[in-house]
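Encoded as structure tokens, the structure appears first; notes follow it.
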Amino acid sequence: MRLTRYFMPVLKETPAEAQIASHRLMLRAGMIRQASAGIYSWLPLGYTVLRNIERIVHEEQAKAGAIPVLMPTIQSADLWRESGRYDAYGPEMLRIRDRHDRDMLFGPTNEEQITEIFRSAASSYRDVPKMLYHIQWKFRDEIRPRFGVMRGREFLMKDGYSFDLDKESARHSYNRMMAAYLRTFERMGLKAVPMKAESGPIGGDLAHEFLILADTGESEVFLDRRVVDLSLGDRAVDFEDAAQLQRIFDEWTAPYARTDDTHEQAVFEERVAEPDRVTARGIEVGHIFYFGTKYAEPLGAMIANREGERVAVHGGSYGIGVSRVTGAIIEANHDDKGIIWPEPVTPFSVGIVNLKQGDAACDTACADLEARVAAAGLSSLYDDREERAGAKFATMDLIGLPWRLTVGPRGLGNGVVELTSRRTGVSEELTAEAAVTKLAALYDGL
RNA sequence: CGGGGUGUAGCGCAGCUUGGUAGCGCGUCGGUUUUGGGUACCGAAGGUCGUGGGUUCAAAUCCCGCCGCCCCGACCA
């Protein structure tokens with residue numbers, strides 16, 4: 001992509017309303033535009049990142065055995081009356097009336113809807129276990145939206161729902177998602193820690209929140225330092241192997257890690273040695289729940305068990321705040337100059353900076369690089385503006401592409417271009433061919 | 001919803017106290033400059049002063065209502 005043909009309205013000055021780094025940088029880099037309080041348009045750069053995050057979520061969900069669907073944003077109030085949540089949910093739910101005076105709502109979540117779909121199609125133990133999910137916009141009329149996409153009213157969420165015959169099987173489903181979430185966040189370059197959560201209004205007893213440690217997080221967290229070092233890495237995970245998943249669950253839930261909601265100071269001090277105790281702040285990016293038959297019973301999602309008795313299915317729900325993750329990644333990956341994207345989510349694999357726009361040799365070399373990068377299956381953003389070099393570097397630093405290729409007459413004279421890491425600032429002079437080969441290797445497998 | 005702010009050009013702000021023909025910086029546009037970490041110079045465009053009403057010869061400025069947005073608290077992916 002040529003910058004002069006792209007739409008990326010960067011701001012030199014910081015908009016006054018943005019309080020935290022991710023919000024400031026998303027506005028400055030031209031990723032989002034505020035439409036109204038807590039509601040944003042996603043501009044090309046931001047939308048690309050959002051899709052990258054979605055892609056990773058989809059891939060990891062598939063590996064875990066979850067099946068994608070897409071449910072509507074607008075739901076019928078009747079369904080929510082059946083579950084009893086139409087009245088219970090409160091003003092956070094946006095209620096709408098259609099032209100026939102029917103009560104509708106903009107979905108804040110989809111337990112009712114998915115249960116309705118499931119109950120109409122499933123009739124016996126042969127139809128379970130099943131895990132369905134979608135990535136769809138939600139609306140929660142937050143009292144106080146803030147921090148840009150971190151607490152929007154409209155937000156993109158992956159929400160998944162499991163259906164099982166009994167608690168034993170439901171635990172396997174729960175552990176699938178535990179492991180899938182660990183993999184998902186790890187792939188995005190995030191250190192997300194599962195923390196024991198309150199089951200809250202949704203009910204049930206198995207519940208964990210995934211939090212990213214960041215100073216601007218809204219939750220206070222207490223944890224054993226050692227949980228932060230846990231990593232799945234290249235470990236092969238067999239999602240059909242319930243015992244292995246349980247071991248992963250045990251490994252990650254053994255160290256103390258809780259938010260202020262569930263924190264017990266006495267337990268913390270008893271279980272964690274003083275030097276390993278960490279008190280920090282965190283951003284909640286995911287949430288997994290087992291809620292048993294809470295929705296299946298009122299909504300009549302019954303299946304026949306092996307004995308022919310009709311029993312309520314056991315459910316769980318599993319959410320990832322996809323739009324929030326975008327902000328969280330920036331909170332965890334930026335410096336005073338701008339964003340530093342982890343390679344798996346970066347909007348472009350590499351930035352190309354032409355130091356002497358209009359110089360035939362430089363222009364040709366940049367076009368050549370563009371073609372080589374594309375041939376290697378990578379994407380580039382080529383800053384072909386007739387601008388000062390400083391302005392180009394500053395823009396690249398702001399939008400945070402992890403790698404940059406710099407082309408100038410001086411380097412070309414020696415047959416080289418410069419490959420620079422945004423994260424370390426370290427540069428290397430390479431031939432165009434070698435630089436692209438190196439980039440391809442860096443991105444291989446992501 | 002309670003408390004505190006704020007609304008003037010794309011962005012950041014001044015002007016308001018003490019009413020008198022709307023300003024600055026950045027950005028944008030046209031030139032000169034051909035650039036190795038946000039150079040420099042010349043010129044230009046761009047504003048219903050959030051909105052409705054009131055006071056006044058005259059309102060960005062004073063008064064009243066409404067709306068938007070931001071911050072602190074309870075809630076949440």
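The chains in the structure tokens are called A, B, ... from first to last as shown; in each chain the residues are counted from 1, and the ligands are counted from 1 in the order shown.
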For chain B, work out the contacting residues on chain A at 6 Å, counting only C-alpha atoms (C1' of nucleotides), and write them as a list in words.
->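 Within 6 Å of chain B on chain A, we get Glu13, Glu17, Ile320, Gly321, Arg388, Gly390 and Ala391 of chain A.
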Would you give me, as number ranges by chain, the residues in stretch 99-194 of chain A that DSSP reads as helix (DSSP H, G or I)?
-> A: 111-121, 125-127, 148-150, 167-187
Using N, CA and C atoms, can you write the selected residues to a file as an mmCIF file, in the first residue's frame?
```
data_model
loop_
_atom_site.group_PDB
_atom_site.id
_atom_site.type_symbol
_atom_site.label_atom_id
_atom_site.label_comp_id
_atom_site.auth_asym_id
_atom_site.auth_seq_id
_atom_site.Cartn_x
_atom_site.Cartn_y
_atom_site.Cartn_z
ATOM 1 N N GLU A 111 -26.539 -15.290 25.429
ATOM 2 C CA GLU A 111 -26.891 -16.580 26.027
ATOM 3 C C GLU A 111 -28.293 -17.034 25.634
ATOM 4 N N GLU A 112 -29.239 -16.118 25.706
ATOM 5 C CA GLU A 112 -30.620 -16.470 25.385
ATOM 6 C C GLU A 112 -30.752 -16.928 23.940
ATOM 7 N N GLN A 113 -30.142 -16.128 23.067
ATOM 8 C CA GLN A 113 -30.281 -16.404 21.653
ATOM 9 C C GLN A 113 -29.668 -17.747 21.250
ATOM 10 N N ILE A 114 -28.471 -17.988 21.766
ATOM 11 C CA ILE A 114 -27.812 -19.235 21.385
ATOM 12 C C ILE A 114 -28.550 -20.429 21.993
ATOM 13 N N THR A 115 -29.080 -20.234 23.181
ATOM 14 C CA THR A 115 -29.809 -21.330 23.821
ATOM 15 C C THR A 115 -31.081 -21.639 23.036
ATOM 16 N N GLU A 116 -31.709 -20.591 22.536
ATOM 17 C CA GLU A 116 -32.909 -20.776 21.716
ATOM 18 C C GLU A 116 -32.558 -21.570 20.457
ATOM 19 N N ILE A 117 -31.445 -21.202 19.848
ATOM 20 C CA ILE A 117 -31.020 -21.911 18.632
ATOM 21 C C ILE A 117 -30.727 -23.369 18.959
ATOM 22 N N PHE A 118 -30.035 -23.567 20.059
ATOM 23 C CA PHE A 118 -29.624 -24.920 20.411
ATOM 24 C C PHE A 118 -30.826 -25.799 20.784
ATOM 25 N N ARG A 119 -31.716 -25.221 21.564
ATOM 26 C CA ARG A 119 -32.833 -26.044 22.064
ATOM 27 C C ARG A 119 -33.729 -26.517 20.924
ATOM 28 N N SER A 120 -33.811 -25.718 19.860
ATOM 29 C CA SER A 120 -34.693 -26.087 18.770
ATOM 30 C C SER A 120 -34.081 -27.171 17.885
ATOM 31 N N ALA A 121 -32.781 -27.398 18.062
ATOM 32 C CA ALA A 121 -32.106 -28.334 17.164
ATOM 33 C C ALA A 121 -31.577 -29.579 17.864
ATOM 34 N N TYR A 125 -28.439 -36.737 23.972
ATOM 35 C CA TYR A 125 -27.024 -36.685 24.345
ATOM 36 C C TYR A 125 -26.114 -36.816 23.138
ATOM 37 N N ARG A 126 -26.687 -37.330 22.031
ATOM 38 C CA ARG A 126 -25.872 -37.455 20.819
ATOM 39 C C ARG A 126 -25.561 -36.098 20.200
ATOM 40 N N ASP A 127 -26.335 -35.088 20.597
ATOM 41 C CA ASP A 127 -26.135 -33.753 20.019
ATOM 42 C C ASP A 127 -25.116 -32.926 20.803
ATOM 43 N N GLY A 148 -11.396 5.354 25.329
ATOM 44 C CA GLY A 148 -11.492 4.908 23.942
ATOM 45 C C GLY A 148 -12.148 3.547 23.827
ATOM 46 N N VAL A 149 -11.507 2.661 23.071
ATOM 47 C CA VAL A 149 -12.117 1.354 22.837
ATOM 48 C C VAL A 149 -12.000 0.433 24.058
ATOM 49 N N MET A 150 -11.336 0.885 25.106
ATOM 50 C CA MET A 150 -11.170 0.036 26.278
ATOM 51 C C MET A 150 -12.492 -0.116 27.039
ATOM 52 N N LYS A 167 -21.805 -32.059 34.131
ATOM 53 C CA LYS A 167 -20.765 -31.164 34.604
ATOM 54 C C LYS A 167 -19.371 -31.648 34.214
ATOM 55 N N GLU A 168 -19.204 -32.935 34.241
ATOM 56 C CA GLU A 168 -17.914 -33.525 33.888
ATOM 57 C C GLU A 168 -17.508 -33.125 32.464
ATOM 58 N N SER A 169 -18.448 -33.292 31.570
ATOM 59 C CA SER A 169 -18.207 -32.943 30.180
ATOM 60 C C SER A 169 -18.056 -31.421 30.019
ATOM 61 N N ALA A 170 -18.859 -30.682 30.771
ATOM 62 C CA ALA A 170 -18.791 -29.221 30.702
ATOM 63 C C ALA A 170 -17.425 -28.717 31.147
ATOM 64 N N ARG A 171 -16.825 -29.416 32.063
ATOM 65 C CA ARG A 171 -15.500 -29.027 32.539
ATOM 66 C C ARG A 171 -14.475 -29.176 31.424
ATOM 67 N N HIS A 172 -14.653 -30.225 30.622
ATOM 68 C CA HIS A 172 -13.774 -30.398 29.470
ATOM 69 C C HIS A 172 -13.923 -29.208 28.530
ATOM 70 N N SER A 173 -15.174 -28.803 28.291
ATOM 71 C CA SER A 173 -15.418 -27.641 27.424
ATOM 72 C C SER A 173 -14.773 -26.392 28.009
ATOM 73 N N TYR A 174 -14.951 -26.247 29.291
ATOM 74 C CA TYR A 174 -14.376 -25.075 29.979
ATOM 75 C C TYR A 174 -12.860 -25.059 29.801
ATOM 76 N N ASN A 175 -12.256 -26.213 29.970
ATOM 77 C CA ASN A 175 -10.805 -26.295 29.850
ATOM 78 C C ASN A 175 -10.320 -26.103 28.412
ATOM 79 N N ARG A 176 -11.162 -26.494 27.455
ATOM 80 C CA ARG A 176 -10.825 -26.198 26.061
ATOM 81 C C ARG A 176 -10.622 -24.699 25.895
ATOM 82 N N MET A 177 -11.572 -23.959 26.455
ATOM 83 C CA MET A 177 -11.512 -22.510 26.275
ATOM 84 C C MET A 177 -10.378 -21.893 27.091
ATOM 85 N N MET A 178 -10.141 -22.458 28.258
ATOM 86 C CA MET A 178 -9.009 -21.980 29.060
ATOM 87 C C MET A 178 -7.727 -22.073 28.234
ATOM 88 N N ALA A 179 -7.500 -23.233 27.647
ATOM 89 C CA ALA A 179 -6.279 -23.427 26.860
ATOM 90 C C ALA A 179 -6.315 -22.597 25.577
ATOM 91 N N ALA A 180 -7.496 -22.533 24.952
ATOM 92 C CA ALA A 180 -7.607 -21.762 23.705
ATOM 93 C C ALA A 180 -7.307 -20.289 23.968
ATOM 94 N N TYR A 181 -7.770 -19.787 25.091
ATOM 95 C CA TYR A 181 -7.538 -18.379 25.405
ATOM 96 C C TYR A 181 -6.071 -18.118 25.709
ATOM 97 N N LEU A 182 -5.459 -19.057 26.415
ATOM 98 C CA LEU A 182 -4.028 -18.896 26.687
ATOM 99 C C LEU A 182 -3.262 -18.813 25.369
ATOM 100 N N ARG A 183 -3.618 -19.702 24.439
ATOM 101 C CA ARG A 183 -2.950 -19.695 23.131
ATOM 102 C C ARG A 183 -3.253 -18.411 22.369
ATOM 103 N N THR A 184 -4.508 -18.022 22.388
ATOM 104 C CA THR A 184 -4.934 -16.844 21.628
ATOM 105 C C THR A 184 -4.162 -15.594 22.070
ATOM 106 N N PHE A 185 -4.134 -15.362 23.365
ATOM 107 C CA PHE A 185 -3.464 -14.148 23.845
ATOM 108 C C PHE A 185 -1.952 -14.229 23.651
ATOM 109 N N GLU A 186 -1.418 -15.423 23.833
ATOM 110 C CA GLU A 186 0.013 -15.578 23.611
ATOM 111 C C GLU A 186 0.382 -15.250 22.169
ATOM 112 N N ARG A 187 -0.439 -15.707 21.238
ATOM 113 C CA ARG A 187 -0.165 -15.426 19.826
ATOM 114 C C ARG A 187 -0.205 -13.947 19.510
#
```
Could you name the residues that touch A:Thr420 at 6 Å or less, counting only C-alpha atoms (C1' of nucleotides), but leaving out those on the same chain fewer than 5 positions away, as a list in words?
-> Trp403, Arg404, Val426 and Ser427 of chain A
So which one's closest to B:G15, B:G52, B:C42, B:C67, B:U61? Using only C-alpha atoms (C1' of nucleotides), please.
-> B:U61
10 Å contact set for stretch 312-315 of chain A, only C-alpha atoms (C1' of nucleotides), chain neighbours under 5 positions out, as a PDB file with C-alpha atoms, in the first residue's frame:
```
ATOM      1  CA  GLU A 111     -26.891 -16.580  26.027  1.00  0.00           C
ATOM      2  CA  THR A 115     -29.809 -21.330  23.821  1.00  0.00           C
ATOM      3  CA  PHE A 118     -29.624 -24.920  20.411  1.00  0.00           C
ATOM      4  CA  ARG A 119     -32.833 -26.044  22.064  1.00  0.00           C
ATOM      5  CA  ALA A 122     -30.788 -30.618  19.868  1.00  0.00           C
ATOM      6  CA  SER A 124     -30.397 -36.014  22.836  1.00  0.00           C
ATOM      7  CA  TYR A 125     -27.024 -36.685  24.345  1.00  0.00           C
ATOM      8  CA  VAL A 128     -23.591 -32.764  22.661  1.00  0.00           C
ATOM      9  CA  PRO A 129     -20.982 -31.632  23.377  1.00  0.00           C
ATOM     10  CA  LYS A 130     -21.191 -28.595  21.122  1.00  0.00           C
ATOM     11  CA  MET A 131     -19.346 -25.320  21.222  1.00  0.00           C
ATOM     12  CA  TYR A 161     -21.249 -21.015  24.304  1.00  0.00           C
ATOM     13  CA  SER A 162     -20.802 -24.645  25.226  1.00  0.00           C
ATOM     14  CA  PHE A 163     -23.484 -27.287  25.604  1.00  0.00           C
ATOM     15  CA  ASP A 164     -22.785 -30.486  27.513  1.00  0.00           C
ATOM     16  CA  LEU A 165     -24.635 -33.408  29.009  1.00  0.00           C
ATOM     17  CA  ASP A 166     -23.199 -33.056  32.475  1.00  0.00           C
ATOM     18  CA  LYS A 167     -20.765 -31.164  34.604  1.00  0.00           C
ATOM     19  CA  GLU A 168     -17.914 -33.525  33.888  1.00  0.00           C
ATOM     20  CA  SER A 169     -18.207 -32.943  30.180  1.00  0.00           C
ATOM     21  CA  ALA A 170     -18.791 -29.221  30.702  1.00  0.00           C
ATOM     22  CA  ARG A 171     -15.500 -29.027  32.539  1.00  0.00           C
ATOM     23  CA  SER A 173     -15.418 -27.641  27.424  1.00  0.00           C
ATOM     24  CA  TYR A 174     -14.376 -25.075  29.979  1.00  0.00           C
ATOM     25  CA  GLY A 204     -22.224 -20.831  38.370  1.00  0.00           C
ATOM     26  CA  PHE A 289     -17.813 -19.107  32.855  1.00  0.00           C
ATOM     27  CA  TYR A 290     -19.439 -22.372  33.561  1.00  0.00           C
ATOM     28  CA  PHE A 291     -23.015 -21.619  34.516  1.00  0.00           C
ATOM     29  CA  GLY A 292     -24.604 -25.047  34.596  1.00  0.00           C
ATOM     30  CA  THR A 293     -28.292 -25.153  33.753  1.00  0.00           C
ATOM     31  CA  LYS A 294     -28.978 -21.510  34.542  1.00  0.00           C
ATOM     32  CA  TYR A 295     -30.310 -20.715  31.057  1.00  0.00           C
ATOM     33  CA  ALA A 296     -31.243 -24.195  29.909  1.00  0.00           C
ATOM     34  CA  GLU A 297     -33.863 -24.563  32.625  1.00  0.00           C
ATOM     35  CA  PRO A 298     -35.890 -21.393  32.120  1.00  0.00           C
ATOM     36  CA  LEU A 299     -35.505 -21.616  28.351  1.00  0.00           C
ATOM     37  CA  GLY A 300     -36.236 -25.323  28.197  1.00  0.00           C
ATOM     38  CA  ALA A 301     -33.032 -26.479  26.510  1.00  0.00           C
ATOM     39  CA  MET A 302     -33.516 -30.155  27.344  1.00  0.00           C
ATOM     40  CA  ILE A 303     -31.964 -33.257  25.892  1.00  0.00           C
ATOM     41  CA  ALA A 304     -32.491 -36.935  26.518  1.00  0.00           C
ATOM     42  CA  ASN A 305     -29.660 -38.648  28.374  1.00  0.00           C
TER      43      ASN A 305
END
```
Find the residues around A:Pro255 up to 12 Å (only C-alpha atoms (C1' of nucleotides) counted), leave out those fewer than 5 positions away in its own chain, and share them as a ChimeraX atom specification.
-> /A:193-196,222-230,249-250,267-268,270-273,276-278
Mind writing the picked residues with C-alpha atoms as a PDB file, in the first residue's frame?
```pdb
ATOM      1  CA  VAL A 193      -3.203 -14.141  33.277  1.00  0.00           C
ATOM      2  CA  PRO A 194      -6.290 -16.162  34.164  1.00  0.00           C
ATOM      3  CA  MET A 195      -7.607 -15.038  37.525  1.00  0.00           C
ATOM      4  CA  LYS A 196     -10.253 -16.538  39.683  1.00  0.00           C
ATOM      5  CA  PHE A 222      -2.978  -9.674  43.232  1.00  0.00           C
ATOM      6  CA  LEU A 223      -0.846 -12.464  41.952  1.00  0.00           C
ATOM      7  CA  ASP A 224       1.989 -14.839  42.394  1.00  0.00           C
ATOM      8  CA  ARG A 225       4.844 -13.575  40.248  1.00  0.00           C
ATOM      9  CA  ARG A 226       5.437 -17.072  38.920  1.00  0.00           C
ATOM     10  CA  VAL A 227       2.126 -17.244  37.040  1.00  0.00           C
ATOM     11  CA  VAL A 228       3.372 -14.517  34.713  1.00  0.00           C
ATOM     12  CA  ASP A 229       6.240 -16.727  33.563  1.00  0.00           C
ATOM     13  CA  LEU A 230       3.985 -19.603  32.525  1.00  0.00           C
ATOM     14  CA  PHE A 249      -5.918 -25.756  33.856  1.00  0.00           C
ATOM     15  CA  ASP A 250      -4.228 -26.946  37.042  1.00  0.00           C
ATOM     16  CA  VAL A 267      -4.973 -16.497  51.596  1.00  0.00           C
ATOM     17  CA  PHE A 268      -2.605 -14.450  49.458  1.00  0.00           C
ATOM     18  CA  GLU A 270      -0.421 -17.777  53.233  1.00  0.00           C
ATOM     19  CA  ARG A 271       0.026 -19.183  49.739  1.00  0.00           C
ATOM     20  CA  VAL A 272       2.557 -16.800  48.223  1.00  0.00           C
ATOM     21  CA  ALA A 273       5.978 -16.082  49.644  1.00  0.00           C
ATOM     22  CA  ASP A 276       6.646 -13.462  44.852  1.00  0.00           C
ATOM     23  CA  ARG A 277       3.662 -11.329  45.789  1.00  0.00           C
ATOM     24  CA  VAL A 278       2.708  -8.820  43.127  1.00  0.00           C
TER      25      VAL A 278
END
```
Per DSSP on the backbone, what are the strand (DSSP E) residues of stretch 120-181 of chain A, as JSON, numbers by chain?
-> {"A": [130, 131, 132, 133, 134, 135, 136, 137, 138, 139, 154, 155, 156, 157, 158, 159, 160, 161, 162, 163, 164]}
Computed interatomic separation between atom CA of A:Asn333 and atom CA of A:Leu381 (Å) |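 Answer for the atom CA of A:Asn333 to atom CA of A:Leu381 separation: 19.9 Å.
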